[in-house]
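Chemist: Pasting in a structure now, in structure tokens, and then I'll have a few things to ask.
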Amino acid sequence: MRKRIHWMFMLCLLGISWTQAQEKSITGNITDQDDVHLPGVNILVKGTTTGTQSDFDGNYAIQASMGDVLVFSYLGQATTERRITESNTINVQMQEDAEALEEVVVVGYGNQLEKKIIQNVALIKEEAIENLQVVSADQLLQGQSAGTQIVNASGVLGSAAVIRVRGVNSINSGSQPLIVIDGVPITDTAGNTLNRGGNTGINPLSYVNPNDIASLTVLKDAGATSIYGSRGANGVILITTKKGKKNSKTTLTLDVNTQFSQSTDVPDILTADEFRQFKSEVATIQNGTPTSPEDLNLGAIGSGGTDWLAGVQRTGISQNYNMGIRGGGEKTTFFFGLDYQDTEGFIIGNDQQRAGARINIDTEVNDWLKAGMNLGITNNRLNRVSVENSINAPFTTAFLQSPVVAAFDDEGNFAQSGSFIPNIFARVALNTDELKTFRVIGNAFTEITPFEGLTWRSEFGTDRLDLEETLRNAEFNTPGGSAQQVSVREERWLTNQTLNYTASFNENHNLTILAGLNYEETLRTRLNVTSTGFLTDDLRNLGSGATPTVLNGDRFPSRLFGLFSRLSYDYKGKYLVEGSIRRDGSSRFGANNRFGYFWSAAAGWILSEEPFIQDLNFFDYLSIRGSIGTVGNDRLGTFPSLGLFSAGGLGDYNGESGVIPNQPENPDLKWEESKTIDIGLKSSFLKGRVNFNVSYFKKNTTDLLLNQILPPQTGFTSISRNIGEMENSGFEFELSTVNVRTENFTWRTNFNLTTIDNQVIQLNEDAATDAEGRRIIDGPIQRAIEGESLNNFFLIRYVGVNPQTGDAEWLDVDGNITTDPGTGDRVVVGSPLPEFSGGMTNTFKYKNFDLSVLMNYSYGNDIVLDGLRFADGNDAIGGIVNIRRQNLNYWRQAGDNAFLPSPSSPTFNLFNQRSSQQLLDGSYLRLKNITLGYNLPERALDRLGNFVSNVRFYATATNLFTIKGDELDGIDPEVTDDIDPLFQGETFFTAPQSQAYSLGVRLTF
């Protein structure tokens, strides 16, 4: 028995020794078809979980045995296998895999091969965004997609951006695109929070971690958006978060960075002594006798004051931590993400803490069943400040407040300002303005394939937002103190059930049919409570107030049911046709128009598959395509068609409860509908080094929702009806080039440009008319005119100061010089819509260094700084408002080329009126993001041990500089105070964008 055990033991040792003798270190280098080193290639020992990745220079090392097979996989390259023989070196030259590249395009309710795409979509891939350090996902799109214009509303943390896909598509309804995250359309209700000056709301994309995003797809034409039916008119942005990779080594990535921010640009305003001197000089000229600052109650020269504008600014600091775990085997792939962000904005009182987690899992249960889950959870706390045009907005108040007003008394306590413009330092320090949100966005799915070619995908998703907003005003700022609390819960539950059938016949005919069902149910509940009369500021809770002043609650339910189908067919892979149809039923529509039908048809021809093109030996790929179809806009509110009543408040009668009607019934109300024609050309040549795409589109939107005046006897002033029409048309150009590609250096450029022409075709019949009889929608600054653009700045034309007389001069409606203009002299003077806009990205790689430079631009658009009515001139609000430094250049004698008229001129106080004096050229070219990175070479990694596969150091600058007109000195051109389509390009001391610098490191284990 002992001998048997002895021999068995010896055989085991021999077996182990033999196995160990066979295992060895395999090294090599991996390049692509052009002999350029490929970093990040996955190398796996087939049939095992042993794997690694190539480094920045394409080198790799892995432990394996004789006879094992190494599998090399990389996005866009054909998977390659190599069997291990006696050699310890295996170099691999991978070849481009067109099929692999084509499969990455995500479209509505599925994927499509890139080569066969005949929809107009813009794809921003992971490699284009992975090194960008941004606060929210919308900034990843800036300058990277033709036809998509994004204007950051302000530098206030959490503010939503204005996103336009192919221009403004509505007048009174929303023009923001539908945003879909991993198949879940998210809610973006602007009215969830209290207004903070500037109608932008909270950014809905602040709830997804930019580091978790794998790609963004912008659906633009009807061929791409009609599958979303009544919600696709403003375009659709599909966000796909990161997934695991099959047969890949599990990697852990830790990204840590610190960011410092400051204001991009602010106007130069007067100091306290300059303000005193200016007011004294003006009063002396106007009174005809010497007038000192003391005579004006401004204090003596040198008696001090407050630099309010400097006081509301600071150097913001942000700490950002991101962790991602990614991997997968033969059956299951996974991605886990954690992030934490602690941001102090450059505006006092504005900071944010955000924590999030993500779990994405996909698994092949067996040959016919797949299952998975995508789940993102975010917890956010935001200390808010008003954006603009509010006494609680730091920048607005800092501009308006007199510099001679003291912020603190002699004992260092906050001092009252003495006017309606408050001590903003006290408001920020003593008041509480906090917004807490908790959001869950996710879905779970199964895919059943009963037989080859047919797949049933079943999805169940949710978007749940819990929001609590708390305001507590201290007694110093509000006598008696006050408090307000708003609680909102918005829940969306949805299911998508789709059948997808693919088949090929005779190797020439390829058919794909999609049929699906979409059901969504949304419920928003809102509770608003306020009280006043607090005994002390130490009592923070709302219930401690002696007098409840507001108590109301609302419920806003809505439902959507859609049936849709898409059919795609191609012959020999070069003649392609596609059609889609969707039937939507929505509770938002009127009873007589509860259901709508939306459709599209598209065709394409891949010319590069034809012999007569192949004989040219020039094009790698060449195709033409066209599409036509309809989509809708359902951003009509929750109960737009119902007759509504108000209870409480005005509904009270003689102390008893009552109700009063506040909205007339309209059973005919329906969606706004857009019909789009799109024609495009796509090309690639010089072995893929040059790619050029061009598209023309024309979108006609009918049934626009407009207000129609009602007879007084109805009890209502107006009713919303579908009676308008508008059109957008334009061109999109995209050019990407590989300018230099050598073994050690690569330079790539991506450029895009978009032109858009907007025209209002029809307004309601009872609308106001202008002098020419055209129907109009008039506002204090802009006017929509039938037959012209929706957005026209309609102002009195300002000429300037007459050098001989010192009078300010304007033009009357007939173009004649006048010194006493009126509202009847207003004419069209500009537009906030650019003639063209776009972006350009240059990426450079030299050995272990990489540099990315992203620029965005806008040309031909105007902006109106309505706040200049107060920051320019002398006496906008009783002489207490500070002004810009150029106002010191007032007319003194004949021949002066002055900014401000003579103080003795009757036009001196007219200078503040609305006119083209506040209209500025908003064209700009901005260095939006520049990132320099360095990857440690392999020899340095070896010193750190085998547990670190890559270390990347990087430095990023955002909004580093802006090229703009001289008149914009101190003014940020990329700013707006409203997402409403009728108020684009307007601002009232809106806080500018931030200029940020960050340093970080990314470790991969």
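Each chain of the structure tokens is named A, B, ... in the order shown, its residues numbered from 1; ligands are numbered from 1 in display order.
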Apply DSSP to the backbone of this structure and, from region 222-307 of chain A, keep only the residues in strand (DSSP E); write these as a PyMOL selection string.
Modeler: chain A and resi 236-241+248-263
Chemist: Take the residues from that selection and put them in a file with C-alpha atoms, as a compact mmCIF listing (two decimals), in the first residue's frame.
Modeler:
```txt
# COMPACT_ATOMS: atom_id res chain seq x y z
CA VAL A 236 -33.41 61.86 -30.10
CA ILE A 237 -30.17 61.40 -28.16
CA LEU A 238 -29.38 57.78 -27.32
CA ILE A 239 -26.88 57.28 -24.50
CA THR A 240 -25.30 53.86 -24.14
CA THR A 241 -23.38 53.16 -20.96
CA SER A 248 -11.40 39.69 -21.70
CA LYS A 249 -9.30 40.10 -18.62
CA THR A 250 -11.11 41.83 -15.79
CA THR A 251 -9.76 45.36 -15.41
CA LEU A 252 -10.24 47.89 -12.65
CA THR A 253 -9.88 51.55 -13.59
CA LEU A 254 -9.48 54.23 -10.96
CA ASP A 255 -9.64 57.86 -12.09
CA VAL A 256 -8.92 60.68 -9.65
CA ASN A 257 -8.71 64.36 -10.54
CA THR A 258 -8.83 67.78 -8.97
CA GLN A 259 -10.32 70.73 -10.79
CA PHE A 260 -9.99 74.47 -10.22
CA SER A 261 -12.49 76.87 -11.80
CA GLN A 262 -13.01 80.57 -12.23
CA SER A 263 -15.17 82.88 -14.31
```
Chemist: Near region 846-850 of chain A, counting only C-alpha atoms, which residues have an atom at most 10 Å away, once you skip same-chain residues fewer than 6 positions from it, shown as a list in words?
Modeler: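 That gives His37, Asp55, Phe56, Asp57, Asn131, Thr742, Glu743, Asn744, Phe745, Thr746, Trp747, Thr931, Leu932, Gly933, Tyr934, Asn935, Leu936, Pro937, Arg952, Phe953 and Tyr954 of chain A.
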Chemist: Go ahead and dump the residues you just picked, N, CA and C atoms, as a PDB file, in the first residue's frame.
Modeler:
```pdb
ATOM      1  N   HIS A  37       1.151  50.645 -34.007  1.00  0.00           N
ATOM      2  CA  HIS A  37       0.992  49.889 -32.776  1.00  0.00           C
ATOM      3  C   HIS A  37      -0.430  50.037 -32.222  1.00  0.00           C
ATOM      4  N   ASP A  55       0.179  47.099 -24.202  1.00  0.00           N
ATOM      5  CA  ASP A  55       0.424  48.426 -23.648  1.00  0.00           C
ATOM      6  C   ASP A  55       0.343  49.482 -24.737  1.00  0.00           C
ATOM      7  N   PHE A  56       0.755  50.701 -24.398  1.00  0.00           N
ATOM      8  CA  PHE A  56       0.618  51.820 -25.331  1.00  0.00           C
ATOM      9  C   PHE A  56       1.389  51.589 -26.622  1.00  0.00           C
ATOM     10  N   ASP A  57       2.506  50.846 -26.545  1.00  0.00           N
ATOM     11  CA  ASP A  57       3.323  50.578 -27.735  1.00  0.00           C
ATOM     12  C   ASP A  57       2.944  49.279 -28.431  1.00  0.00           C
ATOM     13  N   ASN A 131     -11.412  60.663 -22.848  1.00  0.00           N
ATOM     14  CA  ASN A 131     -10.426  61.502 -22.166  1.00  0.00           C
ATOM     15  C   ASN A 131     -10.937  62.908 -21.862  1.00  0.00           C
ATOM     16  N   THR A 742       2.353  57.740 -38.583  1.00  0.00           N
ATOM     17  CA  THR A 742       3.635  57.046 -38.641  1.00  0.00           C
ATOM     18  C   THR A 742       3.726  56.111 -37.435  1.00  0.00           C
ATOM     19  N   GLU A 743       4.853  55.482 -37.282  1.00  0.00           N
ATOM     20  CA  GLU A 743       5.011  54.536 -36.191  1.00  0.00           C
ATOM     21  C   GLU A 743       4.897  55.222 -34.833  1.00  0.00           C
ATOM     22  N   ASN A 744       5.393  56.451 -34.717  1.00  0.00           N
ATOM     23  CA  ASN A 744       5.426  57.122 -33.422  1.00  0.00           C
ATOM     24  C   ASN A 744       4.460  58.305 -33.302  1.00  0.00           C
ATOM     25  N   PHE A 745       3.896  58.764 -34.440  1.00  0.00           N
ATOM     26  CA  PHE A 745       3.101  59.989 -34.397  1.00  0.00           C
ATOM     27  C   PHE A 745       1.843  59.839 -35.252  1.00  0.00           C
ATOM     28  N   THR A 746       0.711  60.273 -34.667  1.00  0.00           N
ATOM     29  CA  THR A 746      -0.565  60.269 -35.377  1.00  0.00           C
ATOM     30  C   THR A 746      -1.281  61.588 -35.118  1.00  0.00           C
ATOM     31  N   TRP A 747      -1.858  62.138 -36.186  1.00  0.00           N
ATOM     32  CA  TRP A 747      -2.642  63.371 -36.076  1.00  0.00           C
ATOM     33  C   TRP A 747      -3.948  63.178 -36.831  1.00  0.00           C
ATOM     34  N   THR A 931      -6.816  68.585 -23.622  1.00  0.00           N
ATOM     35  CA  THR A 931      -6.343  67.579 -22.674  1.00  0.00           C
ATOM     36  C   THR A 931      -5.004  67.024 -23.137  1.00  0.00           C
ATOM     37  N   LEU A 932      -4.035  67.053 -22.240  1.00  0.00           N
ATOM     38  CA  LEU A 932      -2.720  66.477 -22.498  1.00  0.00           C
ATOM     39  C   LEU A 932      -2.542  65.286 -21.574  1.00  0.00           C
ATOM     40  N   GLY A 933      -2.215  64.139 -22.154  1.00  0.00           N
ATOM     41  CA  GLY A 933      -2.047  62.924 -21.363  1.00  0.00           C
ATOM     42  C   GLY A 933      -0.711  62.263 -21.598  1.00  0.00           C
ATOM     43  N   TYR A 934      -0.270  61.508 -20.599  1.00  0.00           N
ATOM     44  CA  TYR A 934       0.983  60.765 -20.712  1.00  0.00           C
ATOM     45  C   TYR A 934       0.794  59.397 -20.066  1.00  0.00           C
ATOM     46  N   ASN A 935       1.096  58.346 -20.833  1.00  0.00           N
ATOM     47  CA  ASN A 935       1.018  56.979 -20.342  1.00  0.00           C
ATOM     48  C   ASN A 935       2.409  56.475 -19.980  1.00  0.00           C
ATOM     49  N   LEU A 936       2.536  55.949 -18.779  1.00  0.00           N
ATOM     50  CA  LEU A 936       3.835  55.422 -18.369  1.00  0.00           C
ATOM     51  C   LEU A 936       4.272  54.303 -19.308  1.00  0.00           C
ATOM     52  N   PRO A 937       5.533  54.309 -19.730  1.00  0.00           N
ATOM     53  CA  PRO A 937       6.023  53.230 -20.600  1.00  0.00           C
ATOM     54  C   PRO A 937       6.110  51.912 -19.839  1.00  0.00           C
ATOM     55  N   ARG A 952      -1.965  56.579 -16.446  1.00  0.00           N
ATOM     56  CA  ARG A 952      -2.069  57.737 -17.322  1.00  0.00           C
ATOM     57  C   ARG A 952      -2.231  59.003 -16.488  1.00  0.00           C
ATOM     58  N   PHE A 953      -1.335  59.959 -16.704  1.00  0.00           N
ATOM     59  CA  PHE A 953      -1.435  61.274 -16.087  1.00  0.00           C
ATOM     60  C   PHE A 953      -2.015  62.237 -17.131  1.00  0.00           C
ATOM     61  N   TYR A 954      -2.865  63.142 -16.688  1.00  0.00           N
ATOM     62  CA  TYR A 954      -3.452  64.066 -17.652  1.00  0.00           C
ATOM     63  C   TYR A 954      -3.718  65.426 -17.010  1.00  0.00           C
TER      64      TYR A 954
END
```
Chemist: Could you check which of A:Arg489, A:Arg540, A:Arg741, A:Lys46 is closest to Gly553 (chain A), using only C-alpha atoms?
Modeler: A:Arg489
Chemist: Using only C-alpha atoms for the distances, tell me which of A:Gln995, A:Ser154, A:Asn889, A:Ser504 is nearest to Asn929 (chain A).
Modeler: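 Result for the nearest residue to Asn929 (chain A): A:Gln995.
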Chemist: Leaving out Ile227 (chain A) and any residue of its chain fewer than 2 positions from it, which residues lie within 10 Å of it when counting only C-alpha atoms, given as a VMD selection string?
Modeler: chain A and resid 107 to 109 222 to 225 229 to 232 516 562 to 566 579 to 583 598 to 600 630 to 631
Chemist: Write to file, as an mmCIF file, in the first residue's frame, the residues of the selection just made, with C-alpha atoms.
Modeler:
```cif
data_model
loop_
_atom_site.group_PDB
_atom_site.id
_atom_site.type_symbol
_atom_site.label_atom_id
_atom_site.label_comp_id
_atom_site.auth_asym_id
_atom_site.auth_seq_id
_atom_site.Cartn_x
_atom_site.Cartn_y
_atom_site.Cartn_z
ATOM 1 C CA VAL A 107 -30.494 53.150 -33.324
ATOM 2 C CA GLY A 108 -34.048 53.239 -32.028
ATOM 3 C CA TYR A 109 -34.958 49.882 -30.462
ATOM 4 C CA ALA A 222 -37.377 61.070 -39.745
ATOM 5 C CA GLY A 223 -35.923 57.768 -40.895
ATOM 6 C CA ALA A 224 -34.205 57.525 -37.511
ATOM 7 C CA THR A 225 -36.691 59.319 -35.218
ATOM 8 C CA GLY A 229 -43.452 58.633 -32.935
ATOM 9 C CA SER A 230 -45.023 61.503 -31.030
ATOM 10 C CA ARG A 231 -41.768 62.325 -29.189
ATOM 11 C CA GLY A 232 -39.229 62.439 -32.037
ATOM 12 C CA GLY A 516 -42.746 46.150 -31.119
ATOM 13 C CA GLY A 562 -47.229 52.732 -28.936
ATOM 14 C CA LEU A 563 -47.131 50.036 -31.596
ATOM 15 C CA PHE A 564 -44.271 50.217 -34.073
ATOM 16 C CA SER A 565 -42.585 48.324 -36.871
ATOM 17 C CA ARG A 566 -39.511 48.728 -39.055
ATOM 18 C CA GLY A 579 -39.576 51.827 -43.784
ATOM 19 C CA SER A 580 -41.074 52.327 -40.349
ATOM 20 C CA ILE A 581 -44.462 53.095 -38.863
ATOM 21 C CA ARG A 582 -45.665 53.856 -35.358
ATOM 22 C CA ARG A 583 -49.094 54.318 -33.829
ATOM 23 C CA PHE A 598 -46.019 58.404 -37.776
ATOM 24 C CA TRP A 599 -44.029 56.883 -40.606
ATOM 25 C CA SER A 600 -40.820 57.020 -42.611
ATOM 26 C CA THR A 630 -43.208 62.277 -40.020
ATOM 27 C CA VAL A 631 -42.642 62.647 -36.277
#
```
Chemist: If I take CA of Ser175 (chain A) and CA of Leu523 (chain A), how far is one from the other in Å, to one decimal?
Modeler: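 The value is 22.1 Å.
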Chemist: Extract the full set of alpha helix (DSSP H) residues from region 512-618 of chain A according to DSSP on the backbone, and format it as a ChimeraX atom specification.
Modeler: /A:611-614
Chemist: Skip Gly324 (chain A) itself and residues of its chain fewer than 5 positions away, then list as a PDB file with N, CA and C atoms, in the first residue's frame all residues within 12 Å of it, counting only C-alpha atoms.
Modeler:
```pdb
ATOM      1  N   ASN A 209     -23.328  59.633 -14.994  1.00  0.00           N
ATOM      2  CA  ASN A 209     -21.899  59.894 -14.871  1.00  0.00           C
ATOM      3  C   ASN A 209     -21.256  59.863 -16.258  1.00  0.00           C
ATOM      4  N   ASN A 211     -18.304  59.444 -17.108  1.00  0.00           N
ATOM      5  CA  ASN A 211     -17.304  58.390 -17.204  1.00  0.00           C
ATOM      6  C   ASN A 211     -17.908  57.019 -17.454  1.00  0.00           C
ATOM      7  N   ASP A 212     -19.227  56.881 -17.271  1.00  0.00           N
ATOM      8  CA  ASP A 212     -19.895  55.609 -17.519  1.00  0.00           C
ATOM      9  C   ASP A 212     -20.392  55.473 -18.945  1.00  0.00           C
ATOM     10  N   ILE A 213     -20.272  56.530 -19.740  1.00  0.00           N
ATOM     11  CA  ILE A 213     -20.859  56.535 -21.079  1.00  0.00           C
ATOM     12  C   ILE A 213     -19.905  55.908 -22.091  1.00  0.00           C
ATOM     13  N   THR A 241     -24.415  53.226 -21.992  1.00  0.00           N
ATOM     14  CA  THR A 241     -23.385  53.159 -20.962  1.00  0.00           C
ATOM     15  C   THR A 241     -22.484  51.955 -21.206  1.00  0.00           C
ATOM     16  N   LYS A 242     -21.380  51.931 -20.510  1.00  0.00           N
ATOM     17  CA  LYS A 242     -20.347  50.931 -20.762  1.00  0.00           C
ATOM     18  C   LYS A 242     -20.820  49.525 -20.410  1.00  0.00           C
ATOM     19  N   LYS A 243     -20.379  48.585 -21.215  1.00  0.00           N
ATOM     20  CA  LYS A 243     -20.655  47.171 -20.984  1.00  0.00           C
ATOM     21  C   LYS A 243     -19.328  46.439 -20.816  1.00  0.00           C
ATOM     22  N   GLY A 244     -19.427  45.198 -20.362  1.00  0.00           N
ATOM     23  CA  GLY A 244     -18.236  44.365 -20.299  1.00  0.00           C
ATOM     24  C   GLY A 244     -17.835  43.888 -21.675  1.00  0.00           C
ATOM     25  N   THR A 250     -10.420  40.853 -16.627  1.00  0.00           N
ATOM     26  CA  THR A 250     -11.111  41.833 -15.792  1.00  0.00           C
ATOM     27  C   THR A 250     -10.144  42.963 -15.431  1.00  0.00           C
ATOM     28  N   THR A 251     -10.595  44.193 -15.704  1.00  0.00           N
ATOM     29  CA  THR A 251      -9.763  45.360 -15.407  1.00  0.00           C
ATOM     30  C   THR A 251     -10.487  46.274 -14.423  1.00  0.00           C
ATOM     31  N   LEU A 252      -9.724  46.888 -13.573  1.00  0.00           N
ATOM     32  CA  LEU A 252     -10.237  47.893 -12.650  1.00  0.00           C
ATOM     33  C   LEU A 252      -9.571  49.215 -12.997  1.00  0.00           C
ATOM     34  N   THR A 253     -10.391  50.221 -13.266  1.00  0.00           N
ATOM     35  CA  THR A 253      -9.877  51.547 -13.594  1.00  0.00           C
ATOM     36  C   THR A 253     -10.263  52.527 -12.501  1.00  0.00           C
ATOM     37  N   LEU A 254      -9.263  53.221 -11.994  1.00  0.00           N
ATOM     38  CA  LEU A 254      -9.477  54.235 -10.960  1.00  0.00           C
ATOM     39  C   LEU A 254      -9.009  55.576 -11.511  1.00  0.00           C
ATOM     40  N   ASP A 255      -9.928  56.525 -11.556  1.00  0.00           N
ATOM     41  CA  ASP A 255      -9.638  57.856 -12.094  1.00  0.00           C
ATOM     42  C   ASP A 255      -9.874  58.885 -11.003  1.00  0.00           C
ATOM     43  N   VAL A 256      -8.842  59.659 -10.692  1.00  0.00           N
ATOM     44  CA  VAL A 256      -8.924  60.683  -9.649  1.00  0.00           C
ATOM     45  C   VAL A 256      -8.424  61.994 -10.237  1.00  0.00           C
ATOM     46  N   PHE A 334     -19.691  42.170 -17.747  1.00  0.00           N
ATOM     47  CA  PHE A 334     -20.162  43.031 -16.671  1.00  0.00           C
ATOM     48  C   PHE A 334     -19.379  44.338 -16.639  1.00  0.00           C
ATOM     49  N   PHE A 335     -20.043  45.351 -16.107  1.00  0.00           N
ATOM     50  CA  PHE A 335     -19.397  46.634 -15.809  1.00  0.00           C
ATOM     51  C   PHE A 335     -19.992  47.151 -14.510  1.00  0.00           C
ATOM     52  N   PHE A 336     -19.131  47.469 -13.546  1.00  0.00           N
ATOM     53  CA  PHE A 336     -19.532  48.083 -12.286  1.00  0.00           C
ATOM     54  C   PHE A 336     -18.849  49.448 -12.204  1.00  0.00           C
ATOM     55  N   GLY A 337     -19.607  50.451 -11.847  1.00  0.00           N
ATOM     56  CA  GLY A 337     -19.035  51.787 -11.728  1.00  0.00           C
ATOM     57  C   GLY A 337     -19.453  52.482 -10.447  1.00  0.00           C
ATOM     58  N   LEU A 338     -18.531  53.223  -9.859  1.00  0.00           N
ATOM     59  CA  LEU A 338     -18.801  54.058  -8.698  1.00  0.00           C
ATOM     60  C   LEU A 338     -18.196  55.431  -8.952  1.00  0.00           C
ATOM     61  N   ASP A 339     -18.886  56.471  -8.536  1.00  0.00           N
ATOM     62  CA  ASP A 339     -18.315  57.809  -8.702  1.00  0.00           C
ATOM     63  C   ASP A 339     -18.750  58.699  -7.562  1.00  0.00           C
ATOM     64  N   GLY A 356     -22.734  58.283  -7.213  1.00  0.00           N
ATOM     65  CA  GLY A 356     -23.477  57.420  -8.120  1.00  0.00           C
ATOM     66  C   GLY A 356     -22.892  56.032  -8.202  1.00  0.00           C
ATOM     67  N   ALA A 357     -23.716  55.103  -8.638  1.00  0.00           N
ATOM     68  CA  ALA A 357     -23.291  53.720  -8.829  1.00  0.00           C
ATOM     69  C   ALA A 357     -23.985  53.171 -10.065  1.00  0.00           C
ATOM     70  N   ARG A 358     -23.296  52.262 -10.746  1.00  0.00           N
ATOM     71  CA  ARG A 358     -23.867  51.647 -11.952  1.00  0.00           C
ATOM     72  C   ARG A 358     -23.508  50.176 -11.990  1.00  0.00           C
ATOM     73  N   ILE A 359     -24.497  49.366 -12.412  1.00  0.00           N
ATOM     74  CA  ILE A 359     -24.292  47.937 -12.620  1.00  0.00           C
ATOM     75  C   ILE A 359     -24.891  47.572 -13.969  1.00  0.00           C
ATOM     76  N   ASN A 360     -24.064  47.090 -14.882  1.00  0.00           N
ATOM     77  CA  ASN A 360     -24.505  46.593 -16.178  1.00  0.00           C
ATOM     78  C   ASN A 360     -24.031  45.153 -16.343  1.00  0.00           C
ATOM     79  N   ARG A1002      -5.157  58.265 -14.035  1.00  0.00           N
ATOM     80  CA  ARG A1002      -6.013  57.111 -14.272  1.00  0.00           C
ATOM     81  C   ARG A1002      -5.166  55.851 -14.174  1.00  0.00           C
ATOM     82  N   LEU A1003      -5.539  54.996 -13.250  1.00  0.00           N
ATOM     83  CA  LEU A1003      -4.812  53.749 -13.016  1.00  0.00           C
ATOM     84  C   LEU A1003      -5.658  52.581 -13.498  1.00  0.00           C
ATOM     85  N   THR A1004      -5.034  51.681 -14.232  1.00  0.00           N
ATOM     86  CA  THR A1004      -5.719  50.474 -14.694  1.00  0.00           C
ATOM     87  C   THR A1004      -5.011  49.262 -14.116  1.00  0.00           C
ATOM     88  N   PHE A1005      -5.772  48.432 -13.424  1.00  0.00           N
ATOM     89  CA  PHE A1005      -5.218  47.249 -12.770  1.00  0.00           C
ATOM     90  C   PHE A1005      -5.708  45.985 -13.482  1.00  0.00           C
TER      91      PHE A1005
END
```
Chemist: Using only C-alpha atoms, tabulate the residues of region 684-771 of chain A lying at most 10 Å from any atom of region 612-625 of chain A, each with its closest atom pair and that distance in Å to one decimal, by chain and increasing residue number, as CSV.
Modeler:
```
residue,atom,partner,partner_atom,distance
A:Ser684,CA,A:Tyr621,CA,4.9
A:Phe685,CA,A:Phe619,CA,4.4
A:Leu686,CA,A:Phe618,CA,6.7
A:Lys687,CA,A:Asp620,CA,6.2
A:Gly688,CA,A:Asp620,CA,6.6
A:Arg689,CA,A:Asp620,CA,9.7
A:Val690,CA,A:Asp620,CA,9.6
A:Asn691,CA,A:Tyr621,CA,8.9
A:Phe692,CA,A:Leu622,CA,9.5
A:Asn693,CA,A:Ser623,CA,9.6
A:Val694,CA,A:Ile624,CA,9.7
A:Ser695,CA,A:Arg625,CA,9.2
```
Chemist: Would you mind exporting the chosen residues as a short mmCIF file (atom, residue, chain, number, x, y, z; two decimals), in the first residue's frame, restricted to C-alpha atoms?
Modeler:
```
data_model
loop_
_atom_site.label_atom_id
_atom_site.label_comp_id
_atom_site.auth_asym_id
_atom_site.auth_seq_id
_atom_site.Cartn_x
_atom_site.Cartn_y
_atom_site.Cartn_z
CA SER A 684 -14.36 57.40 -47.45
CA PHE A 685 -11.20 57.37 -49.54
CA LEU A 686 -7.41 57.24 -49.42
CA LYS A 687 -7.55 53.96 -47.47
CA GLY A 688 -9.84 55.44 -44.85
CA ARG A 689 -7.69 58.48 -44.18
CA VAL A 690 -10.37 60.89 -45.40
CA ASN A 691 -14.08 60.63 -44.62
CA PHE A 692 -16.56 63.20 -45.91
CA ASN A 693 -20.32 63.35 -45.35
CA VAL A 694 -22.85 65.94 -46.47
CA SER A 695 -26.60 66.13 -45.84
#
```
Chemist: Rounded to one decimal place, report the CA of Val151 (chain A)-CA of Glu126 (chain A) distance in Å.
Modeler: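 Answer for the CA of Val151 (chain A) to CA of Glu126 (chain A) separation: 22.4 Å.
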Chemist: Between CA of Thr755 (chain A) and CA of Leu833 (chain A), what is the spacing in Å?
Modeler: 9.8 Å
Chemist: If you count only C-alpha atoms, which residues fall within 10 Å of Pro981 (chain A), apart from same-chain ones fewer than 2 positions away, as JSON, numbers by chain?
Modeler: {"A": [162, 164, 167, 168, 169, 170, 171, 172, 173, 174, 175, 176, 790, 791, 978, 979, 983, 984, 985]}
Chemist: Using only C-alpha atoms, determine which residues lie at most 7 Å from Leu454 (chain A), disregarding the query and same-chain residues fewer than 3 positions distant; provide the list as a list in words.
Modeler: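 Answer for this query is Thr449, Pro450, Phe451, Asn500, Tyr501 and Thr502 of chain A.
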Chemist: Find the residues near Tyr924 (chain A): any atom within 7 Å, counting only C-alpha atoms, skip ones fewer than 5 places away on the same chain, and give them as a list in words.
Modeler: Tyr857, Ser858, Tyr859, Thr962, Ile963, Lys964 and Pro973 of chain A
Chemist: Restricting the calculation to only C-alpha atoms: of A:Pro906, A:Gly724, A:Pro403, A:Gly730, which residue gets closest to Gly305 (chain A)?
Modeler: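 Result for the nearest residue to Gly305 (chain A): A:Pro403.
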Chemist: Taking into account only C-alpha atoms, which residue in the set A:Leu400, A:Arg775, A:Asn541, A:Phe733 is nearest to Glu388 (chain A)?
Modeler: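 Nearest to Glu388 (chain A): A:Leu400.
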